[in-house]
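Peer 1: Take a look at the following structure, please.
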Amino acid sequence: MRKRLTLVVLALVALASSASVTAAGSQSASLTVYAAASLTDVFRAFDPAPKYSFAGSNTLETQIRNGAPADLFASAAPLNTQRLYKQELVQKPVTFTSNRLALIIPTSNPAGITSIYDLKRKPVKLVVAGAAVPVGAYTRTVLRKMGMSSVLSKVVSQETDVRAVTSKVALGQADAGFVYVTDARAVADRVKVVRIPAWAQPRVRYEIAVVSSSTRKAAAHAWIKALLSVRGQTALKEYGFLPLPAG
Amino acid sequence: MTTALGLGVASASSPWAASAAAATEDDLAFANFGASTEFLVKDFYSRALEARVVSGVRASALKRGKACAAQHAKALSDLLVGAGDVAPLEEDFEFAWPAKTFKTEREAVSTGAGVLRALLGAYQTAAATVTEPSHRILYASLTASVGQQLAELAALQGARAVEPFPVATDLETASDALESYLG
């Protein structure tokens, strides 16, 4: 009798659990998520249901300021979310992951780059993101930390987001470019990664916030909760993102 | 002038932070590398003490080294902040030590000395090349302190670490030597 009762309870728990997953899925299907371009693959894998808009965080920030119908905003830099928070355009942002920068070169490596210091020594065609784009700002931080800002004179193209930088290098239209390590992984068959020293790495933090004008706040909060859960953090880790920073 | 600068370096405050604005980007690269590596050195001493690779009175050499590394990191961080930069934090790094590093005194001393030598080489170059005079004094002091720590580590093994001309290295060489430890 006791055994049968246990089985019934287990079956009910399983049913309830499956129902809650379904409910979360149907809720997230109605969400519009504005997210940094570097989150494209991982967010689609984590939850394909929402309507996504991926771009440079600065572009998305401007769109939200101009009244774009987003429910959530995930930025590659705290600056963008915090600016909106100060203007009460988003609710309090939450840090959900971190990342690192890498220098990528085409597999053919026409410029013969083996070290980041080669950018200073050799004539190279460098591609970076614009200074207002998070990855572009992080790039400039790396170069400043290493005393190498002068290599910005070798920039042949400034892109609007990290995906455009990655694409240019992967297509061999530039000798090197600064991207996140997660973007480098996505084109691993077409580029090589040149490490940036740990002491020169910027502090890359991703933040997410519910947009104040959202009419689906409960679903948006549930989505953030799921992203912070073990399942969300595991998905981020699988795509090469780093764990939540301590503190 | 020299005395005043010397006294400044020895004091608890950071006189070099006041002149940080005069530092060039190349100067600040040394400060960034130095502050980060001093956290690594501090971590080395902490782990060596925890593992009790040396004990009793001899452990005081490790404690002195740890205290020096903390003060060096603070000084260089103050310089960076004074220049308007973001100083590195200990938690920015996941220090990685070879598996056997803290198993024996010999291994620990050998690994620690390797790290200190790379840092010493970079500090020597910084002392000769940075533009701001008070910062040159700072790097000369750091060079002397790291040299003293090397001698203390060598003494633990009953060896001597006296070299007539320790090799000065550029930042790239020092950075490459320590990259695997900084994570």
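Lettering and numbering for the structure tokens are positional, with chains as A, B, ... in the shown order, residues counted from 1 in each chain, and ligands counted from 1 in the shown order.
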Find the residues in chain B near chain A: any atom within 7 Å counts, using only C-alpha atoms. Write them as a ChimeraX atom specification.
Peer 2: /B:25-26,28-29,32-33,36,179,182-183
Peer 1: Would you mind writing down, as JSON, numbers by chain, each residue of segment 97-170 of chain B that DSSP on the backbone assigns to helix (DSSP H, G or I)?
Peer 2: {"B": [105, 106, 107, 108, 109, 110, 111, 112, 113, 114, 115, 116, 117, 118, 119, 120, 121, 122, 123, 124, 125, 126, 127, 128, 129, 133, 134, 135, 136, 137, 138, 139, 140, 141, 142, 143, 144, 145, 146, 147, 148, 149, 150, 151, 152, 153, 154, 155, 156]}
Peer 1: At what distance in Å, to one decimal, does atom CA of Arg185 of chain A lie from atom CA of Leu72 of chain A?
Peer 2: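 It comes out at 25.8 Å.
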Peer 1: Within 12 Å of Ala151 of chain B, counting only C-alpha atoms, which residues qualify if same-chain residues fewer than 2 places away don't, as a PyMOL selection string?
Peer 2: chain B and resi 61-62+65+109+112-113+116-117+144-149+153-163
Peer 1: For Val86 of chain B, work out the shell of residues within 9 Å, counting only C-alpha atoms and skipping chain neighbours fewer than 4 positions away, then give it as a list of chain:residue names.
Peer 2: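 In the requested form, the answer reads B:Ser77, B:Leu80, B:Val81.
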Peer 1: Keeping C-alpha atoms for every residue in the selection just given, could you write it to a file as a PDB file, in the first residue's frame?
Peer 2:
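Saved file out.pdb follows:
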ATOM      1  CA  SER B  77      46.920  49.895  -7.884  1.00  0.00           C
ATOM      2  CA  LEU B  80      46.670  53.118 -11.762  1.00  0.00           C
ATOM      3  CA  VAL B  81      43.689  54.637  -9.988  1.00  0.00           C
TER       4      VAL B  81
END
